[in-house]
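The block underneath contains the structure these notes are about, expressed in structure tokens.
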Amino acid sequence: MYKSFLIKYAEIGVKGKNRYIFEDRLCDQIRYALARCEGESVVTKSQGRIYVDFVSEFDFDEVVEQLKTVFGITGICPVVQVEDEGFEKLCEEVVKYLDRVYTDKNISFKVDARRGRKNYPKNSMEINADMGAFVLNAFPTMRVDVHKPDVMLHIEIREKISIYSVILPGPGGLPIGTNGKGMILLSGGIDSPVAGYMIAKRGVRIDAVYFHAPPYTSERAKQKVVDLARILSKYSGPIQLHIINFTDIQLYIYEKCPHDELTIIMRRYMMRIAQELAKESGCLGLITGESIGQVASQTMQSLMATNDVCTLPVYRPLIGFDKQEIIEVSEKIDTYETSILPYEDCCTIFVAKHPVTKPNLNVIRIHEKNLDEKIEELVKTALTTQEVIEITY
């Protein structure tokens with residue numbers, strides 16, 4: 001029955017003279033998502049609307065599932081498009097549509113007509129009234145309810161005429177690539193993939209860095225992060241994943257620094273390395289999955305100590321989330337089951353029994369001087385020996 005979809009958006013509509021940029025990015029992301037589906041489709045813009053038209057057989061449910069991964073879409077409307085062959089013919093098409101979509105005719109309805117083509121002989125109010133009368137005549141058990149109808153029957157009169165009554169929710173947000181690029185510190189846990197999803201929802205394209213610590217972390221732990229990046233790329237578009245061998249740096253910090261400060265000092269060096277990669281990649285900031293107070297390294301004092309080494313902004317989309325809220329999003333985006341696989345990442349190996357929760361920044365800086373002999377060389381080696389993987393879903 002359906003061969004076309006009308007795509008609705010919200011925030012994009014208030015972007016003024018830049019609106020076309022957001023629309024173009026949205027069209028690009030729709031094409032990226034639909035490339036995963038069977039069937040040939042054409043994505044077009046027309047008079048402030050975006051349409052997806054299929055020119056071959058396709059799986060309806062698969063297409064809807066993929067469109068629900070595209071940030072910027074607020075509504076997915078399966079439409080029947082008809083040629084303008086007069087109002088009486090349009091009424092017949094509407095009755096045919098209602099007959100096929102709603103087997104139970106004991107329902108209320110309201111007609112909502114939009115006349116985008118001003119040369120159409122009836123205005124919107126006339127279409128609403130006359131179409132409503134025609135439908136009542138065709139289906140005597142149906143009734144009009146202008147306040148809370150069971151069915152809102154939409155009729156859009158433009159170059160073609162679109163009929164629809166179903167609006168499936170999209171993810172909202174802004175299209176990927178409309179707000180620059182960021183570098184996310186991606187681990188194998190629950191939080192960081194959710195942070196990547198949340199920042200991508202605001203139109204930010206993401207690259208990722210993972211700190212690997214063989215032999216303390218296995219190849220399966222590394223593969224877990226690759227799998228999480230792949231799931232994330234379903235929403236964010238292609239991701240360039242940088243894998244940094246962090247073992248020698250961790251061992252050196254473990255040897256030279258107080259053990260209750262290990263997590264903070266290691267985190268500071270992760271941020272330094274991530275920032276170097278971000279600058280090389282044209283990223284405008286770092287992204288982490290931190291939430292205030294969740295663990296010892298995420299107290300306000302600890303976050304301040306971490307931020308101290310950064311000149312780029314650090315974005316923390318989950319800063320006010322509690323753990324259950326983060327888990328709920330991870331389940332929604334299908335990263336949860338992968339995140340809880342029992343393969344440790346480098347953050348969980350070198351954990352002090354009693355980590356400092358309120359680090360003194362001046363003390364941290366003093367203790368980092370213990371690393372002066374070799375740390376710059378180790379950081380340089382970690383950057384030059386990185387592995388880069390291009391991730392797509």
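Residue names in the structure tokens use chain letters A, B, ... in the order shown, residue numbers from 1 in each chain, and ligand numbers from 1 in the order shown.
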
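Residues in contact range of Phe58 in chain A, defined as at most 9 Å between only C-alpha atoms, with sequence neighbours fewer than 5 positions away removed, read Lys3, Cys37, Glu38, Gly39, Glu40, Ser41 and Val63 of chain A.
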
Fewer than 3 positions away in the same chain doesn't count, so skip those; otherwise give me all residues within 6 Å of Ser165 in chain A, counting only C-alpha atoms, as a PyMOL selection string.
-> chain A and resi 152-154

Put those residues in a file: C-alpha atoms, as a JSON list (two decimals), in the first residue's frame.
```
[["chain", "number", "residue", "atom", "x", "y", "z"],
["A", 152, "MET", "CA", -6.34, 12.48, 12.43],
["A", 153, "LEU", "CA", -6.64, 12.34, 8.65],
["A", 154, "HIS", "CA", -3.96, 14.52, 7.06]]
```

Kindly give the distance, in Å, that separates CA of Leu232 in chain A and CA of Pro193 in chain A, rounded to a single decimal.
-> 6.7 Å

Could you pull out the residues in range 299-377 of chain A that DSSP calls helix (DSSP H, G or I) from the backbone, as number ranges by chain?
-> A: 300-307, 323-332, 336-339, 346-348, 361-371, 375-377

For the residues in that selection, give me N, CA, C and O atoms as a compact mmCIF listing (two decimals), in the first residue's frame.
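Output (selection07.txt):
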```txt
# COMPACT_ATOMS: atom_id res chain seq x y z
N MET A 300 33.20 16.19 41.93
CA MET A 300 33.49 17.52 41.39
C MET A 300 34.98 17.82 41.44
O MET A 300 35.55 18.37 40.50
N GLN A 301 35.63 17.43 42.56
CA GLN A 301 37.07 17.69 42.69
C GLN A 301 37.87 16.88 41.66
O GLN A 301 38.83 17.39 41.08
N SER A 302 37.45 15.63 41.44
CA SER A 302 38.16 14.79 40.48
C SER A 302 37.99 15.30 39.06
O SER A 302 38.93 15.31 38.25
N LEU A 303 36.78 15.73 38.73
CA LEU A 303 36.53 16.26 37.38
C LEU A 303 37.33 17.54 37.15
O LEU A 303 37.83 17.78 36.04
N MET A 304 37.47 18.36 38.18
CA MET A 304 38.27 19.57 38.04
C MET A 304 39.73 19.20 37.79
O MET A 304 40.40 19.81 36.93
N ALA A 305 40.24 18.18 38.49
CA ALA A 305 41.61 17.75 38.29
C ALA A 305 41.82 17.19 36.89
O ALA A 305 42.87 17.39 36.28
N THR A 306 40.82 16.51 36.37
CA THR A 306 40.90 15.97 35.00
C THR A 306 40.87 17.10 33.98
O THR A 306 41.65 17.12 33.03
N ASN A 307 39.96 18.04 34.17
CA ASN A 307 39.84 19.17 33.23
C ASN A 307 41.10 20.01 33.16
O ASN A 307 41.36 20.68 32.16
N LYS A 323 22.48 6.25 37.39
CA LYS A 323 22.85 5.03 36.67
C LYS A 323 21.66 4.39 35.97
O LYS A 323 21.78 3.92 34.83
N GLN A 324 20.52 4.37 36.63
CA GLN A 324 19.36 3.74 36.02
C GLN A 324 18.92 4.46 34.74
O GLN A 324 18.53 3.82 33.75
N GLU A 325 19.01 5.77 34.75
CA GLU A 325 18.67 6.53 33.54
C GLU A 325 19.62 6.19 32.40
O GLU A 325 19.20 6.06 31.23
N ILE A 326 20.90 6.03 32.71
CA ILE A 326 21.89 5.68 31.69
C ILE A 326 21.61 4.28 31.16
O ILE A 326 21.66 4.04 29.94
N ILE A 327 21.29 3.34 32.05
CA ILE A 327 20.98 1.98 31.63
C ILE A 327 19.78 1.95 30.70
O ILE A 327 19.76 1.23 29.69
N GLU A 328 18.77 2.73 31.02
CA GLU A 328 17.56 2.76 30.18
C GLU A 328 17.87 3.22 28.76
O GLU A 328 17.35 2.66 27.78
N VAL A 329 18.73 4.23 28.62
CA VAL A 329 19.10 4.67 27.28
C VAL A 329 19.94 3.59 26.59
O VAL A 329 19.75 3.32 25.39
N SER A 330 20.85 2.96 27.32
CA SER A 330 21.70 1.92 26.71
C SER A 330 20.85 0.75 26.21
O SER A 330 21.16 0.15 25.18
N GLU A 331 19.79 0.44 26.92
CA GLU A 331 18.89 -0.64 26.47
C GLU A 331 18.14 -0.19 25.22
O GLU A 331 17.94 -0.98 24.28
N LYS A 332 17.74 1.06 25.19
CA LYS A 332 17.01 1.58 24.02
C LYS A 332 17.86 1.55 22.76
O LYS A 332 17.36 1.25 21.67
N TYR A 336 23.51 -2.08 25.72
CA TYR A 336 23.60 -2.59 27.09
C TYR A 336 24.15 -4.01 27.15
O TYR A 336 25.08 -4.28 27.93
N GLU A 337 23.60 -4.91 26.35
CA GLU A 337 24.03 -6.31 26.42
C GLU A 337 25.50 -6.47 26.06
O GLU A 337 26.18 -7.34 26.60
N THR A 338 25.99 -5.65 25.16
CA THR A 338 27.42 -5.69 24.82
C THR A 338 28.24 -5.09 25.95
O THR A 338 29.30 -5.62 26.32
N SER A 339 27.78 -4.01 26.52
CA SER A 339 28.53 -3.32 27.58
C SER A 339 28.74 -4.19 28.81
O SER A 339 29.75 -4.04 29.51
N CYS A 346 40.94 -1.18 30.48
CA CYS A 346 42.14 -0.78 31.23
C CYS A 346 41.80 0.06 32.46
O CYS A 346 42.60 0.16 33.37
N CYS A 347 40.62 0.64 32.51
CA CYS A 347 40.27 1.47 33.66
C CYS A 347 40.06 0.63 34.92
O CYS A 347 40.15 1.15 36.02
N THR A 348 39.70 -0.63 34.79
CA THR A 348 39.33 -1.43 35.94
C THR A 348 40.46 -2.31 36.46
O THR A 348 40.29 -2.97 37.48
N LEU A 361 44.52 19.48 43.63
CA LEU A 361 45.13 19.67 42.31
C LEU A 361 46.62 19.96 42.41
O LEU A 361 47.42 19.44 41.62
N ASN A 362 47.01 20.78 43.35
CA ASN A 362 48.43 21.10 43.49
C ASN A 362 49.25 19.86 43.85
O ASN A 362 50.36 19.67 43.36
N VAL A 363 48.69 19.01 44.70
CA VAL A 363 49.38 17.78 45.08
C VAL A 363 49.50 16.85 43.88
O VAL A 363 50.55 16.22 43.66
N ILE A 364 48.43 16.74 43.09
CA ILE A 364 48.46 15.90 41.88
C ILE A 364 49.57 16.39 40.94
O ILE A 364 50.34 15.58 40.40
N ARG A 365 49.66 17.68 40.74
CA ARG A 365 50.70 18.23 39.85
C ARG A 365 52.10 17.90 40.38
O ARG A 365 53.00 17.56 39.59
N ILE A 366 52.28 18.01 41.67
CA ILE A 366 53.59 17.70 42.26
C ILE A 366 53.95 16.23 42.04
O ILE A 366 55.08 15.90 41.64
N HIS A 367 52.99 15.34 42.27
CA HIS A 367 53.27 13.92 42.12
C HIS A 367 53.49 13.53 40.65
O HIS A 367 54.22 12.58 40.37
N GLU A 368 52.88 14.27 39.74
CA GLU A 368 53.12 14.00 38.32
C GLU A 368 54.55 14.31 37.90
O GLU A 368 55.05 13.76 36.90
N LYS A 369 55.21 15.16 38.65
CA LYS A 369 56.61 15.45 38.33
C LYS A 369 57.50 14.22 38.50
O LYS A 369 58.59 14.16 37.92
N ASN A 370 57.04 13.23 39.26
CA ASN A 370 57.78 11.97 39.38
C ASN A 370 57.90 11.25 38.04
O ASN A 370 58.72 10.35 37.89
N LEU A 371 57.05 11.64 37.09
CA LEU A 371 57.01 10.96 35.79
C LEU A 371 57.87 11.65 34.74
O LEU A 371 57.96 11.18 33.60
N ILE A 375 57.84 10.07 30.80
CA ILE A 375 56.43 10.08 30.40
C ILE A 375 56.21 10.66 29.01
O ILE A 375 55.37 10.15 28.24
N GLU A 376 56.95 11.70 28.64
CA GLU A 376 56.75 12.29 27.32
C GLU A 376 57.09 11.30 26.22
O GLU A 376 56.40 11.20 25.19
N GLU A 377 58.15 10.55 26.42
CA GLU A 377 58.54 9.53 25.44
C GLU A 377 57.49 8.44 25.34
O GLU A 377 57.15 7.97 24.24
```

Within 12 Å of range 282-288 of chain A, counting only C-alpha atoms, which residues show up once you throw out same-chain ones fewer than 6 positions away? Write them as a ChimeraX atom specification, please.
-> /A:177,179-187,189-200,204-210,240,267,270-276,298,303,306-307,309-319

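Each of A:Met142, A:Ser4, A:Glu11, A:Asp104 was compared to Cys77 in chain A using only C-alpha atoms, and A:Ser4 turns out to be the nearest.
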
Considering only C-alpha atoms, return as a ChimeraX atom specification whatever protein or nucleic-acid residues lie within 7 Å of Lys160 in chain A, sequence-local ones (same chain, fewer than 6 positions apart) excluded.
-> /A:81-84

Saved selection, atoms kept: all heavy atoms, as a PDB file, in the first residue's frame:
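See result_21.pdb below for the written result:
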```pdb
ATOM      1  N   GLN A  81       0.417   8.731  -2.041  1.00  0.00           N
ATOM      2  CA  GLN A  81       0.471   9.910  -2.900  1.00  0.00           C
ATOM      3  C   GLN A  81      -0.396   9.688  -4.138  1.00  0.00           C
ATOM      4  O   GLN A  81      -0.332   8.626  -4.765  1.00  0.00           O
ATOM      5  CB  GLN A  81       1.912  10.207  -3.316  1.00  0.00           C
ATOM      6  CG  GLN A  81       2.772  10.710  -2.158  1.00  0.00           C
ATOM      7  CD  GLN A  81       4.122  11.220  -2.612  1.00  0.00           C
ATOM      8  OE1 GLN A  81       4.685  10.738  -3.596  1.00  0.00           O
ATOM      9  NE2 GLN A  81       4.656  12.195  -1.899  1.00  0.00           N
ATOM     10  N   VAL A  82      -1.210  10.689  -4.457  1.00  0.00           N
ATOM     11  CA  VAL A  82      -2.103  10.589  -5.616  1.00  0.00           C
ATOM     12  C   VAL A  82      -1.945  11.826  -6.477  1.00  0.00           C
ATOM     13  O   VAL A  82      -1.551  12.895  -6.008  1.00  0.00           O
ATOM     14  CB  VAL A  82      -3.576  10.443  -5.168  1.00  0.00           C
ATOM     15  CG1 VAL A  82      -3.759   9.164  -4.356  1.00  0.00           C
ATOM     16  CG2 VAL A  82      -4.041  11.648  -4.369  1.00  0.00           C
ATOM     17  N   GLU A  83      -2.225  11.676  -7.735  1.00  0.00           N
ATOM     18  CA  GLU A  83      -2.211  12.796  -8.669  1.00  0.00           C
ATOM     19  C   GLU A  83      -3.464  13.648  -8.470  1.00  0.00           C
ATOM     20  O   GLU A  83      -4.492  13.176  -7.980  1.00  0.00           O
ATOM     21  CB  GLU A  83      -2.147  12.299 -10.114  1.00  0.00           C
ATOM     22  CG  GLU A  83      -0.908  11.479 -10.441  1.00  0.00           C
ATOM     23  CD  GLU A  83       0.374  12.301 -10.425  1.00  0.00           C
ATOM     24  OE1 GLU A  83       0.287  13.547 -10.532  1.00  0.00           O
ATOM     25  OE2 GLU A  83       1.450  11.705 -10.298  1.00  0.00           O
ATOM     26  N   ASP A  84      -3.376  14.903  -8.846  1.00  0.00           N
ATOM     27  CA  ASP A  84      -4.527  15.797  -8.744  1.00  0.00           C
ATOM     28  C   ASP A  84      -5.427  15.569  -9.953  1.00  0.00           C
ATOM     29  O   ASP A  84      -5.153  16.043 -11.064  1.00  0.00           O
ATOM     30  CB  ASP A  84      -4.048  17.256  -8.692  1.00  0.00           C
ATOM     31  CG  ASP A  84      -5.213  18.220  -8.517  1.00  0.00           C
ATOM     32  OD1 ASP A  84      -6.350  17.748  -8.323  1.00  0.00           O
ATOM     33  OD2 ASP A  84      -4.980  19.439  -8.570  1.00  0.00           O
TER      34      ASP A  84
END
```

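In this model, the gap between CA of Phe5 in chain A and CA of Arg49 in chain A comes to 10.6 Å.
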
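What separates CA of Thr263 in chain A from CA of Lys358 in chain A is a distance of 12.2 Å.
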
When distances are computed from only C-alpha atoms, which of A:Phe71, A:Tyr254, A:Tyr102, A:Phe109 shows the smallest separation from Gln29 in chain A?
-> A:Phe71

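For the choices A:Tyr252, A:Tyr269, A:Phe60, A:Tyr393, the atom-to-atom distance to Lys374 in chain A is smallest for A:Tyr252 when using only C-alpha atoms.
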
Among the residues A:Cys257, A:Leu98, A:Ile176, A:Val79, the one that comes closest to Arg202 in chain A [using only C-alpha atoms] | A:Ile176

From the DSSP assignment of the backbone, select every residue of range 144-324 of chain A that is strand (DSSP E), and format the answer as a ChimeraX atom specification.
-> /A:144,151-157,161-164,168-169,181-185,205-212,239-245,286-287,314-315

Hey, what's within 10 Å of range 123-133 of chain A if we count only C-alpha atoms and toss same-chain stuff fewer than 2 positions away? As a PyMOL selection string, please?
-> chain A and resi 87-88+90-92+94-95+109-121+135-139+143-144+153-157

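Closest approach to Val43 in chain A among A:Lys96, A:Arg25, A:His259, A:Lys234 is made by A:Arg25 (distances from only C-alpha atoms).
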
Contacts of Val101 in chain A within 10 Å, only C-alpha atoms, excl. fewer than 4 positions in-chain, as an MDAnalysis selection string = chainID A and resid 1 96:97 105 164:166

Please dump the current selection as a JSON list (two decimals), in the first residue's frame; keep N, CA, C and O atoms.
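Result went into again.json, see below:
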```json
[["chain", "number", "residue", "atom", "x", "y", "z"],
["A", 1, "MET", "N", 0.83, -1.21, 0.00],
["A", 1, "MET", "CA", 0.00, 0.00, 0.00],
["A", 1, "MET", "C", 0.86, 1.26, 0.00],
["A", 1, "MET", "O", 0.58, 2.22, -0.70],
["A", 96, "LYS", "N", -10.84, 5.03, 0.03],
["A", 96, "LYS", "CA", -10.10, 3.78, -0.21],
["A", 96, "LYS", "C", -8.99, 3.61, 0.84],
["A", 96, "LYS", "O", -8.78, 2.51, 1.37],
["A", 97, "TYR", "N", -8.32, 4.70, 1.15],
["A", 97, "TYR", "CA", -7.24, 4.66, 2.15],
["A", 97, "TYR", "C", -7.80, 4.26, 3.52],
["A", 97, "TYR", "O", -7.26, 3.35, 4.19],
["A", 105, "LYS", "N", -14.55, 0.45, 11.67],
["A", 105, "LYS", "CA", -15.03, 1.77, 11.24],
["A", 105, "LYS", "C", -15.82, 2.49, 12.33],
["A", 105, "LYS", "O", -16.30, 3.60, 12.10],
["A", 164, "TYR", "N", -2.27, 10.74, 4.73],
["A", 164, "TYR", "CA", -1.70, 9.91, 5.79],
["A", 164, "TYR", "C", -2.43, 10.16, 7.10],
["A", 164, "TYR", "O", -3.05, 11.21, 7.29],
["A", 165, "SER", "N", -2.36, 9.19, 7.99],
["A", 165, "SER", "CA", -3.00, 9.32, 9.30],
["A", 165, "SER", "C", -2.16, 8.71, 10.41],
["A", 165, "SER", "O", -2.55, 8.74, 11.57],
["A", 166, "VAL", "N", -1.01, 8.15, 10.05],
["A", 166, "VAL", "CA", -0.11, 7.52, 11.02],
["A", 166, "VAL", "C", 1.18, 8.32, 11.07],
["A", 166, "VAL", "O", 1.78, 8.61, 10.03]]
```
